[in-house]
Amino acid sequence: MRRRVIRFVPRAALAAAGGSVLAFLVVPVLTVIPMSFSSSMTFELIPTAPGLSQYQRFFASPEWMVALGRSVQVALGAMLVATVLGTLAALGLRRLATRTRRLLEAALIAPRIVTSIVFAVAAYYVFAAAGLVGTVGGLILAHSVLAFPFVVVFVGSALYGVDPALEEASLSLGAGPVTTFARVTFPQIRLAVFGSALFAFNVSFDEVVVTLFISGVRTKTLPVKVWDAIFYEITPILPAISTVIILASLVVLTPLLLVRRKA
Amino acid sequence: MKRATLARLVLLGPPLAFLLLTFVLPLLRVIWGSVFAPDFTLEFYERMWRTPVYGRVFWITLKLSLLTTVFAALLGYPAAYFLDTVKPRTRQVLLLCVIVPFFLSVLVRNYVWMVLLQRTGLVNRVLSEWGVIGAPLDLMYNELGVLVAMVNMLLPYMIFPILSALLAIPPELRHASASLGAHPAKTFWRVTLPLSMPGVAAGGLLVFIVSLGFFITPALLGGPRQMMVSNLIEFSVRQVLNWPFAFALANTLLIGTLLLYAIYIRALEGRMPRTAGLP
């Protein structure tokens with residue numbers, strides 16, 4: 001049934017106000033796309049001679065390509081660690097009494113609540129002592145911490161829909177816990193697990209604050225190199241790189257949005 | 001050992017051990033390091049409160065966060081209200097405008113604001129072409145630039161809770177009010193607005209909490225006078241290598257954020273989804 005809502009402002013005025021706010025959210029970031037096709041050395045909103053020269057410069061630059069490759073590498077690693085650990089945690093939480101579960105859940109989601117700069121400083125200090133600063137492993141660990149809570153939340157909410165009776169039936173019929181998970185539980189939460197893996201990839205791929213601290217000169221990720229470029233060399237290559245970063249996020253997240261709409 | 005206990009241990013052990021080592025331990029080190037250097041001292045907290053320059057940074061952080069919250073509410077409410085009135089199908093599509101930018105790189109979005117707001121940027125160019133302004137305006141490296149970008153970045157945190165509060169209002173209430181002769185404006189003031197206030201409160205608290213820790217936006221769009229606590233922490237660590245002082249600042253930010261978050265959970269327990277701001 002269609003909701004009918006009593007309005008006190010005319011529909012047109014409300015649509016104009018609400019629509020402008022929505023436009024304010026989405027339009028600014030899109031302006032970077034036309035800018036990226038500029039072939040001049042200065043900024044143009046509408047390129048006078050549109051071309052792909054900035055993209056060519058980006059993909060032909062070994063320095064940028066190394067950073068891009070490293071970002072992908074770190075994001076894949078963080079995706080794996082966060083998804084495995086987050087799924088384990090969500091499965092474990094379900095087996096606890098409500099009170100304990102609530103408490104533990106809050107603790108597991110904490111990395112999302114603690115401000116990134118606080119974790120950045122903390123990780124920088126401790127990782128430096130452990131020789132992890134400036135290593136891909138260190139970046140993967142830190143990014144996993146940040147992506148982990150999303151997996152716990154997404155997989156956790158998918159697990160609400162799983163009937164424990166089915167798993168109990170499987171166990172009582174002689175299947176081991178691993179078989180039960182693989183054959184009964186996992187097929188029901190598959191979408192949430194893959195979805196949160198994509199999300200974890202995106203969290204890592206876009207992370208900049210913590211990475212600024214714990215990436216050394218030799219392990220700069222793409223966002224950190226963009227950060228440096230913003231401060232030290234504003235060049236017309238940045239809109240093209242920004243567009244690539246945006247497109248990467250969109251490619252990774254589109255399946256997630258499609259699933260969400262079905263749900 | 002009972003089988004159930006073993007299962008819990010196997011499932012929760014690895015993630016808990018992982019967080020303990022990579023998250024809890026580093027944070028404890030920050031708390032420890034802020035008061036032991038190496039003997040117990042409150043010197044760094046004292047310096048933080050006594051030095052006017054640092055006091056100013058805290059004041060600016062609070063002021064910018066509060067302003068961001070107010071503007072996010074003023075813009076977010078009409079947007080949420082509009083989304084509440086459209087058909088569910090349209091709402092699904094329009095919600096993409098809120099969800100998609102939320103998931104895009106924060107750095108890229110800040111960078112785009114730099115390009116738009118600079119003296120030769122799009123905003124200045126359009127305004128001067130239309131003859132609205134004679135000379136380019138200073139739209140960034142000041143409070144205005146930081147606020148515009150912060151509100152832009154944090155609006156989704158405001159829109160989602162308000163929208164879910166609005167959607168939870170049974171339509172009969174508004175119809176009853178109308179059929180009893182209330183003017184639509186009165187229905188809004190007496191029924192809709194009060195019933196959606198938990199959403200505004202939830203969104204407001206979330207926006208304020210997240211604002212307090214903002215780092216990228218003030219660094220890119222602010223001037224020296226818009227330095228926020230996060231930027232001061234970075235400066236202390238990376239420029240002057242004053243670790244204990246950075247620890248004291250970080251610890252203050254940490255405790256402030258956690259206290260506000262506890263209030264958020266307590267005040268809105270059961271009324272709002274507990275997803276730490278995830279849509």
# chains A, B, ... in the order shown; residues from 1 in each chain; ligands from 1

$ interface_residues --of "chain B" --to "chain A" --cutoff "7 Å" --atoms "only C-alpha atoms" --output "ChimeraX atom specification"
/B:8,11-12,14-15,19,23,26-27,29-30,75,78-79,82,85,87,97-98,101,104-105,108-109,112,152,171,174-175,184-185,188,213,230,250,254,276

$ write_last_selection --atoms "C-alpha atoms" --output "CSV table (one decimal), in the first residue's frame"
chain,number,residue,atom,x,y,z
B,8,ARG,CA,32.8,-20.5,21.2
B,11,LEU,CA,35.1,-19.0,16.8
B,12,LEU,CA,35.8,-16.1,19.1
B,14,PRO,CA,41.1,-15.7,16.8
B,15,PRO,CA,39.2,-12.5,16.2
B,19,LEU,CA,41.9,-7.2,18.0
B,23,PHE,CA,43.8,-2.6,18.4
B,26,PRO,CA,48.1,0.0,20.9
B,27,LEU,CA,45.3,2.0,22.5
B,29,ARG,CA,49.9,2.1,25.1
B,30,VAL,CA,48.5,5.5,24.2
B,75,LEU,CA,19.8,20.5,5.6
B,78,PRO,CA,14.1,18.6,4.7
B,79,ALA,CA,15.9,15.9,2.7
B,82,PHE,CA,11.2,14.8,1.3
B,85,THR,CA,6.9,11.6,1.3
B,87,LYS,CA,6.8,6.5,-3.2
B,97,CYS,CA,22.3,9.9,-3.8
B,98,VAL,CA,22.9,9.6,-0.1
B,101,PRO,CA,28.8,9.3,-2.0
B,104,LEU,CA,33.3,7.0,-2.0
B,105,SER,CA,36.9,8.0,-1.0
B,108,VAL,CA,38.8,12.3,-3.3
B,109,ARG,CA,35.7,14.1,-2.0
B,112,VAL,CA,37.1,17.8,-5.2
B,152,ASN,CA,28.7,17.5,2.8
B,171,PRO,CA,0.5,7.4,8.9
B,174,ARG,CA,-1.1,12.3,10.8
B,175,HIS,CA,-4.4,11.4,9.2
B,184,PRO,CA,-1.1,20.6,8.0
B,185,ALA,CA,1.4,23.0,9.6
B,188,PHE,CA,3.8,18.9,11.4
B,213,GLY,CA,37.8,13.4,14.9
B,230,SER,CA,43.3,15.5,15.0
B,250,ALA,CA,44.7,11.4,21.5
B,254,LEU,CA,39.4,9.0,22.7
B,276,ALA,CA,27.6,2.6,14.5

$ residues_around --residues "Asn242 of chain B" --least-positions-apart "6" --cutoff "10 Å" --atoms "only C-alpha atoms" --output "list in words"
Phe44, Ile233, Phe235 and Ser236 of chain B

$ closest_residue --among "A:Pro34, A:Ala78, A:Leu256, A:Ala200" --to "Leu139 of chain A" --atoms "only C-alpha atoms"
A:Ala78

$ closest_residue --among "A:Gly156, A:Pro255, A:Pro236, A:Gly131" --to "Tyr55 of chain A" --atoms "only C-alpha atoms"
A:Pro236

$ atom_distance --atom1 "atom CA of Arg70 of chain A" --atom2 "atom CA of Ala128 of chain A"
19.8 Å

$ select_by_dssp --residues "segment 29-233 of chain A" --states "helix (DSSP H, G or I)" --output "NGL selection string"
:A and (29-30 or 32-35 or 53-60 or 62-93 or 98-113 or 116-129 or 136-159 or 164-172 or 177-206 or 209-214 or 217-219 or 222-232)

$ residues_around --residues "Gln226 of chain B" --least-positions-apart "6" --cutoff "10 Å" --atoms "only C-alpha atoms" --output "list in words"
Arg56, Val57, Ile60, Thr61, Leu64, Tyr141, Asn142, Glu143, Leu144, Gly145, Val146, Thr217, Pro218 and Ala219 of chain B

$ write_last_selection --atoms "N, CA and C atoms" --output "PDB file, in the first residue's frame"
ATOM      1  N   ARG B  56      42.724  26.817  22.276  1.00  0.00           N
ATOM      2  CA  ARG B  56      42.055  27.327  21.075  1.00  0.00           C
ATOM      3  C   ARG B  56      41.727  26.199  20.104  1.00  0.00           C
ATOM      4  N   VAL B  57      42.677  25.251  19.968  1.00  0.00           N
ATOM      5  CA  VAL B  57      42.434  24.129  19.062  1.00  0.00           C
ATOM      6  C   VAL B  57      41.209  23.336  19.524  1.00  0.00           C
ATOM      7  N   ILE B  60      38.097  25.388  18.790  1.00  0.00           N
ATOM      8  CA  ILE B  60      37.754  25.374  17.363  1.00  0.00           C
ATOM      9  C   ILE B  60      37.146  24.027  16.973  1.00  0.00           C
ATOM     10  N   THR B  61      37.714  22.937  17.535  1.00  0.00           N
ATOM     11  CA  THR B  61      37.172  21.613  17.237  1.00  0.00           C
ATOM     12  C   THR B  61      35.703  21.524  17.659  1.00  0.00           C
ATOM     13  N   LEU B  64      33.518  23.955  15.371  1.00  0.00           N
ATOM     14  CA  LEU B  64      33.279  23.432  14.016  1.00  0.00           C
ATOM     15  C   LEU B  64      32.355  22.215  14.053  1.00  0.00           C
ATOM     16  N   TYR B 141      40.498  27.527   2.778  1.00  0.00           N
ATOM     17  CA  TYR B 141      41.534  27.911   3.727  1.00  0.00           C
ATOM     18  C   TYR B 141      40.926  28.799   4.795  1.00  0.00           C
ATOM     19  N   ASN B 142      39.642  28.599   5.064  1.00  0.00           N
ATOM     20  CA  ASN B 142      38.969  29.301   6.149  1.00  0.00           C
ATOM     21  C   ASN B 142      37.845  28.415   6.689  1.00  0.00           C
ATOM     22  N   GLU B 143      37.105  28.966   7.671  1.00  0.00           N
ATOM     23  CA  GLU B 143      36.068  28.185   8.328  1.00  0.00           C
ATOM     24  C   GLU B 143      34.992  27.748   7.334  1.00  0.00           C
ATOM     25  N   LEU B 144      34.659  28.629   6.408  1.00  0.00           N
ATOM     26  CA  LEU B 144      33.602  28.340   5.445  1.00  0.00           C
ATOM     27  C   LEU B 144      33.903  27.062   4.659  1.00  0.00           C
ATOM     28  N   GLY B 145      35.119  26.985   4.109  1.00  0.00           N
ATOM     29  CA  GLY B 145      35.494  25.821   3.312  1.00  0.00           C
ATOM     30  C   GLY B 145      35.399  24.537   4.116  1.00  0.00           C
ATOM     31  N   VAL B 146      35.910  24.580   5.370  1.00  0.00           N
ATOM     32  CA  VAL B 146      35.874  23.386   6.212  1.00  0.00           C
ATOM     33  C   VAL B 146      34.429  22.983   6.479  1.00  0.00           C
ATOM     34  N   THR B 217      39.631  16.940   6.223  1.00  0.00           N
ATOM     35  CA  THR B 217      39.003  18.186   5.783  1.00  0.00           C
ATOM     36  C   THR B 217      39.699  19.437   6.323  1.00  0.00           C
ATOM     37  N   PRO B 218      39.921  19.544   7.635  1.00  0.00           N
ATOM     38  CA  PRO B 218      40.636  20.748   8.084  1.00  0.00           C
ATOM     39  C   PRO B 218      42.047  20.846   7.510  1.00  0.00           C
ATOM     40  N   ALA B 219      42.682  19.688   7.269  1.00  0.00           N
ATOM     41  CA  ALA B 219      44.039  19.735   6.711  1.00  0.00           C
ATOM     42  C   ALA B 219      44.031  20.279   5.289  1.00  0.00           C
TER      43      ALA B 219
END

$ residues_around --residues "Ser71 of chain A" --least-positions-apart "4" --cutoff "9 Å" --atoms "only C-alpha atoms" --output "PDB file with N, CA and C atoms, in the first residue's frame"
ATOM      1  N   VAL A  66      52.968   1.528  -9.291  1.00  0.00           N
ATOM      2  CA  VAL A  66      53.421   0.787  -8.106  1.00  0.00           C
ATOM      3  C   VAL A  66      52.473   1.051  -6.939  1.00  0.00           C
ATOM      4  N   ALA A  67      52.087   2.318  -6.782  1.00  0.00           N
ATOM      5  CA  ALA A  67      51.181   2.666  -5.687  1.00  0.00           C
ATOM      6  C   ALA A  67      49.823   1.986  -5.868  1.00  0.00           C
ATOM      7  N   ALA A  75      44.575  -4.144  -0.112  1.00  0.00           N
ATOM      8  CA  ALA A  75      43.124  -4.281   0.016  1.00  0.00           C
ATOM      9  C   ALA A  75      42.702  -5.743  -0.061  1.00  0.00           C
ATOM     10  N   LEU A  76      43.361  -6.530  -0.926  1.00  0.00           N
ATOM     11  CA  LEU A  76      43.031  -7.958  -1.010  1.00  0.00           C
ATOM     12  C   LEU A  76      43.389  -8.656   0.303  1.00  0.00           C
ATOM     13  N   SER A 204      39.685  -0.599   2.791  1.00  0.00           N
ATOM     14  CA  SER A 204      41.139  -0.579   2.728  1.00  0.00           C
ATOM     15  C   SER A 204      41.637   0.265   1.552  1.00  0.00           C
ATOM     16  N   PHE A 205      40.996   0.103   0.418  1.00  0.00           N
ATOM     17  CA  PHE A 205      41.455   0.790  -0.791  1.00  0.00           C
ATOM     18  C   PHE A 205      41.396   2.313  -0.631  1.00  0.00           C
ATOM     19  N   ASP A 206      40.427   2.813   0.136  1.00  0.00           N
ATOM     20  CA  ASP A 206      40.254   4.262   0.307  1.00  0.00           C
ATOM     21  C   ASP A 206      40.912   4.810   1.569  1.00  0.00           C
ATOM     22  N   LYS A 220      54.050   3.454  -0.027  1.00  0.00           N
ATOM     23  CA  LYS A 220      52.922   4.375  -0.164  1.00  0.00           C
ATOM     24  C   LYS A 220      51.808   3.741  -0.979  1.00  0.00           C
ATOM     25  N   THR A 221      50.587   3.884  -0.478  1.00  0.00           N
ATOM     26  CA  THR A 221      49.438   3.393  -1.229  1.00  0.00           C
ATOM     27  C   THR A 221      48.959   4.514  -2.142  1.00  0.00           C
ATOM     28  N   LEU A 222      48.006   4.186  -3.013  1.00  0.00           N
ATOM     29  CA  LEU A 222      47.497   5.187  -3.945  1.00  0.00           C
ATOM     30  C   LEU A 222      46.945   6.431  -3.220  1.00  0.00           C
ATOM     31  N   PRO A 223      46.053   6.255  -2.205  1.00  0.00           N
ATOM     32  CA  PRO A 223      45.547   7.456  -1.528  1.00  0.00           C
ATOM     33  C   PRO A 223      46.659   8.292  -0.890  1.00  0.00           C
TER      34      PRO A 223
END

$ atom_distance --atom1 "atom CA of Val136 of chain A" --atom2 "atom CA of Thr235 of chain A"
27.5 Å
